[in-house]
Amino acid sequence: MLFTLPDNECLYQALLKRATRFDGQVFVCVESTGVFCRLSCPARKPKPENCHFVDSVQACLETGYRPCKRCRPLQQMAQAEPLVQQLLDAFERRPEQRWSEANIIELGLDVTTVRRAFKRQFGMTFLELARLRRLREGFATLAEGSSVIDAQQQAGYASASAFRLAFARLLGCAPGSLKPDALLLADWISTPLGDMIAVSSASHLHLLEFVGRRALQTELRRLQTQVKGNLGIGLHPPTRQVREELQHYFSGTSACFATPLALHGSAFAQSVWQELMRIPPGTTCSYGDVAKRIDQPTATRAVARANGANQIAIVIPCHRVIGADGSLTGYGGGLWRKQRLLEVEQHYS
């Protein structure tokens with residue numbers, strides 16, 4: 001690292017003073033609220049025992065913290081930049097290609113500009129996104145019962161170790177440990193807004209998240225602990241049902257989701273999620289509105305935390321909750337997806 005973190009006492013004093021000299025170099029993750037901030041954030045200061053200091057936004061997101069809506073540590077980008085859309089279109093035309101920086105240059109784009117734009121939008125570079133797509137091919141091959149070597153070759157990885165490492169970064173475990181007879185089966189679902197991972201038992205859908213979500217590994221580990229079951233690859237009926245419902249949703253024919261859900265959370269969190277599912281498509285409300293609807297008018301922050309803890313995206317429509325000032329606020333799948341989902345749902349309003 002080019003920057004060494006000072007000790008916690010120094011950083012906490014900088015937080016109290018709203019020092020700007022650490023902006024972009026240090027972020028504080030606040031355990032009591034589940035958000036992360038710049039040290040110059042104007043919000044009320046947390047207790048020192050609730051503060052955890054890190055040197056990157058990626059570290060914050062990977063551990064499941066949400067960006068603060070006061071200091072906005074992530075620049076809001078509700079709509080994709082033109083060059084981002086250009087590359088995504090090219091990628092969809094040639095999904096089998098092993099993309100490199102040379103291919104980006106061939107399109108007349110600057111590699112550095114592309115890297116920065118994708119980092120802003122997705123939290124990952126275009127090449128990282130392309131590698132995830134290749135990993136999907138390996139995932140599908142494993143789901144068919146093929147060997148790890150076959151999956152590696154199908155995904156276009158020359159190195160077995162590179163394939164295992166890429167897989168572990170996605171699901172938190174090596175591909176050889178995933179069995180088709182596990183209690184929980186994971187499947188890969190493609191959508192117009194990017195790939196998703198669905199995890200189901202034989203009777204219920206337990207998780208539906210966009211592949212790029214930084215907290216996905218943490219959610220999968222927590223889920224296996226909650227249900228006391230291992231994770232495998234395959235297709236249970238609830239995943240098949242939600243796949244069909246997502247197709248209807250994005251095609252504009254229906255915004256109704258009837259897949260049985262397993263909700264893992266406190267009674268309060270479950271009451272929030274149930275209320276989210278009552279928000280009609282094509283409409284939005286604030287965290288405060290949700291708090292009032294569940295008869296907890298002073299629990300706005302707790303509602304926001306429950307909203308961020310939702311691990312069944314789209315079906316439990318946390319994207320329909322926005323800031324009281326009309327801003328999009330945070331979304332685990334990326335603000336650009338939140339904007340697109342709201343645009344999709346205007347069809348249903």
# chains A, B, ... in the order shown; residues from 1 in each chain; ligands from 1
$ closest_atom_pairs --of "segment 218-244 of chain A" --to "segment 205-214 of chain A" --cutoff "10 Å" --atoms "only C-alpha atoms" --output "tab-separated table"
residue	atom	partner	partner_atom	distance
A:Thr218	CA	A:Arg214	CA	8.5
A:Glu219	CA	A:Leu207	CA	8.5
A:Leu220	CA	A:Leu207	CA	8.3
A:Leu223	CA	A:His206	CA	7.9
A:Val227	CA	A:His206	CA	9.6
A:His236	CA	A:Leu205	CA	8.8
A:Pro237	CA	A:Leu205	CA	8.9
A:Pro238	CA	A:Leu205	CA	5.5
A:Thr239	CA	A:Leu205	CA	6.5
A:Arg240	CA	A:Leu205	CA	9.9
A:Gln241	CA	A:Leu205	CA	9.4
A:Val242	CA	A:Leu205	CA	8.2
$ residues_around --residues "Arg293 of chain A" --least-positions-apart "6" --cutoff "10 Å" --atoms "only C-alpha atoms" --output "ChimeraX atom specification"
/A:271-272,275,287
$ residues_around --residues "Cys37 of chain A" --least-positions-apart "6" --cutoff "8 Å" --atoms "only C-alpha atoms" --output "JSON, numbers by chain"
{"A": [27, 28, 29, 67, 68, 71, 72, 73]}
$ atom_distance --atom1 "atom CA of Pro280 of chain A" --atom2 "atom CA of Ser349 of chain A"
7.8 Å
$ select_by_dssp --residues "segment 13-66 of chain A" --states "strand (DSSP E or B)" --output "number ranges by chain"
A: 27-30, 35-38, 51-54, 66
$ write_last_selection --atoms "N, CA and C atoms" --output "PDB file, in the first residue's frame"
ATOM      1  N   PHE A  27     -11.803   5.534   5.322  1.00  0.00           N
ATOM      2  CA  PHE A  27     -13.249   5.549   5.520  1.00  0.00           C
ATOM      3  C   PHE A  27     -13.547   4.913   6.872  1.00  0.00           C
ATOM      4  N   VAL A  28     -14.630   5.355   7.493  1.00  0.00           N
ATOM      5  CA  VAL A  28     -15.029   4.775   8.769  1.00  0.00           C
ATOM      6  C   VAL A  28     -16.298   3.959   8.575  1.00  0.00           C
ATOM      7  N   CYS A  29     -16.249   2.698   8.995  1.00  0.00           N
ATOM      8  CA  CYS A  29     -17.421   1.830   8.986  1.00  0.00           C
ATOM      9  C   CYS A  29     -18.039   1.875  10.380  1.00  0.00           C
ATOM     10  N   VAL A  30     -19.305   2.222  10.455  1.00  0.00           N
ATOM     11  CA  VAL A  30     -19.977   2.414  11.732  1.00  0.00           C
ATOM     12  C   VAL A  30     -20.872   1.205  12.007  1.00  0.00           C
ATOM     13  N   VAL A  35     -23.404   1.823   8.119  1.00  0.00           N
ATOM     14  CA  VAL A  35     -23.004   2.678   7.001  1.00  0.00           C
ATOM     15  C   VAL A  35     -21.508   2.969   7.084  1.00  0.00           C
ATOM     16  N   PHE A  36     -20.952   3.433   5.972  1.00  0.00           N
ATOM     17  CA  PHE A  36     -19.566   3.908   5.996  1.00  0.00           C
ATOM     18  C   PHE A  36     -19.516   5.332   5.474  1.00  0.00           C
ATOM     19  N   CYS A  37     -18.554   6.113   5.994  1.00  0.00           N
ATOM     20  CA  CYS A  37     -18.510   7.551   5.743  1.00  0.00           C
ATOM     21  C   CYS A  37     -17.081   8.015   5.469  1.00  0.00           C
ATOM     22  N   ARG A  38     -17.001   9.218   4.917  1.00  0.00           N
ATOM     23  CA  ARG A  38     -15.737   9.949   4.926  1.00  0.00           C
ATOM     24  C   ARG A  38     -15.498  10.440   6.354  1.00  0.00           C
ATOM     25  N   CYS A  51     -16.608   2.200  15.696  1.00  0.00           N
ATOM     26  CA  CYS A  51     -15.905   2.650  14.491  1.00  0.00           C
ATOM     27  C   CYS A  51     -14.839   1.654  14.057  1.00  0.00           C
ATOM     28  N   HIS A  52     -14.822   1.387  12.773  1.00  0.00           N
ATOM     29  CA  HIS A  52     -13.801   0.522  12.177  1.00  0.00           C
ATOM     30  C   HIS A  52     -13.262   1.258  10.959  1.00  0.00           C
ATOM     31  N   PHE A  53     -11.955   1.534  10.924  1.00  0.00           N
ATOM     32  CA  PHE A  53     -11.362   2.351   9.871  1.00  0.00           C
ATOM     33  C   PHE A  53     -10.690   1.473   8.816  1.00  0.00           C
ATOM     34  N   VAL A  54     -10.971   1.768   7.542  1.00  0.00           N
ATOM     35  CA  VAL A  54     -10.380   1.021   6.428  1.00  0.00           C
ATOM     36  C   VAL A  54      -9.901   2.005   5.367  1.00  0.00           C
ATOM     37  N   ARG A  66     -23.157   0.106   3.976  1.00  0.00           N
ATOM     38  CA  ARG A  66     -23.792   0.940   2.968  1.00  0.00           C
ATOM     39  C   ARG A  66     -23.205   2.344   2.993  1.00  0.00           C
TER      40      ARG A  66
END
$ residues_around --residues "Arg21 of chain A" --least-positions-apart "5" --cutoff "12 Å" --atoms "only C-alpha atoms" --output "list of chain:residue names"
A:Leu11, A:Ala14, A:Leu15, A:Val26, A:Phe27, A:Arg38, A:Leu39, A:Ser40
$ write_last_selection --atoms "N, CA and C atoms" --output "PDB file, in the first residue's frame"
ATOM      1  N   LEU A  11      -7.254   8.581  13.994  1.00  0.00           N
ATOM      2  CA  LEU A  11      -8.327   8.644  13.013  1.00  0.00           C
ATOM      3  C   LEU A  11      -9.649   9.045  13.659  1.00  0.00           C
ATOM      4  N   ALA A  14      -9.635  12.699  14.059  1.00  0.00           N
ATOM      5  CA  ALA A  14      -9.870  13.325  12.755  1.00  0.00           C
ATOM      6  C   ALA A  14     -11.347  13.279  12.399  1.00  0.00           C
ATOM      7  N   LEU A  15     -12.012  12.184  12.763  1.00  0.00           N
ATOM      8  CA  LEU A  15     -13.454  12.062  12.530  1.00  0.00           C
ATOM      9  C   LEU A  15     -14.220  13.113  13.332  1.00  0.00           C
ATOM     10  N   VAL A  26      -9.108   7.204   3.738  1.00  0.00           N
ATOM     11  CA  VAL A  26      -9.609   6.469   4.901  1.00  0.00           C
ATOM     12  C   VAL A  26     -11.128   6.628   4.970  1.00  0.00           C
ATOM     13  N   PHE A  27     -11.803   5.534   5.322  1.00  0.00           N
ATOM     14  CA  PHE A  27     -13.249   5.549   5.520  1.00  0.00           C
ATOM     15  C   PHE A  27     -13.547   4.913   6.872  1.00  0.00           C
ATOM     16  N   ARG A  38     -17.001   9.218   4.917  1.00  0.00           N
ATOM     17  CA  ARG A  38     -15.737   9.949   4.926  1.00  0.00           C
ATOM     18  C   ARG A  38     -15.498  10.440   6.354  1.00  0.00           C
ATOM     19  N   LEU A  39     -14.238  10.713   6.696  1.00  0.00           N
ATOM     20  CA  LEU A  39     -13.965  11.238   8.030  1.00  0.00           C
ATOM     21  C   LEU A  39     -14.497  12.665   8.176  1.00  0.00           C
ATOM     22  N   SER A  40     -14.719  13.334   7.061  1.00  0.00           N
ATOM     23  CA  SER A  40     -15.245  14.701   7.103  1.00  0.00           C
ATOM     24  C   SER A  40     -16.766  14.751   7.119  1.00  0.00           C
TER      25      SER A  40
END
$ closest_residue --among "A:Thr141, A:Arg44, A:Phe268, A:Arg243" --to "Ala302 of chain A" --atoms "only C-alpha atoms"
A:Phe268
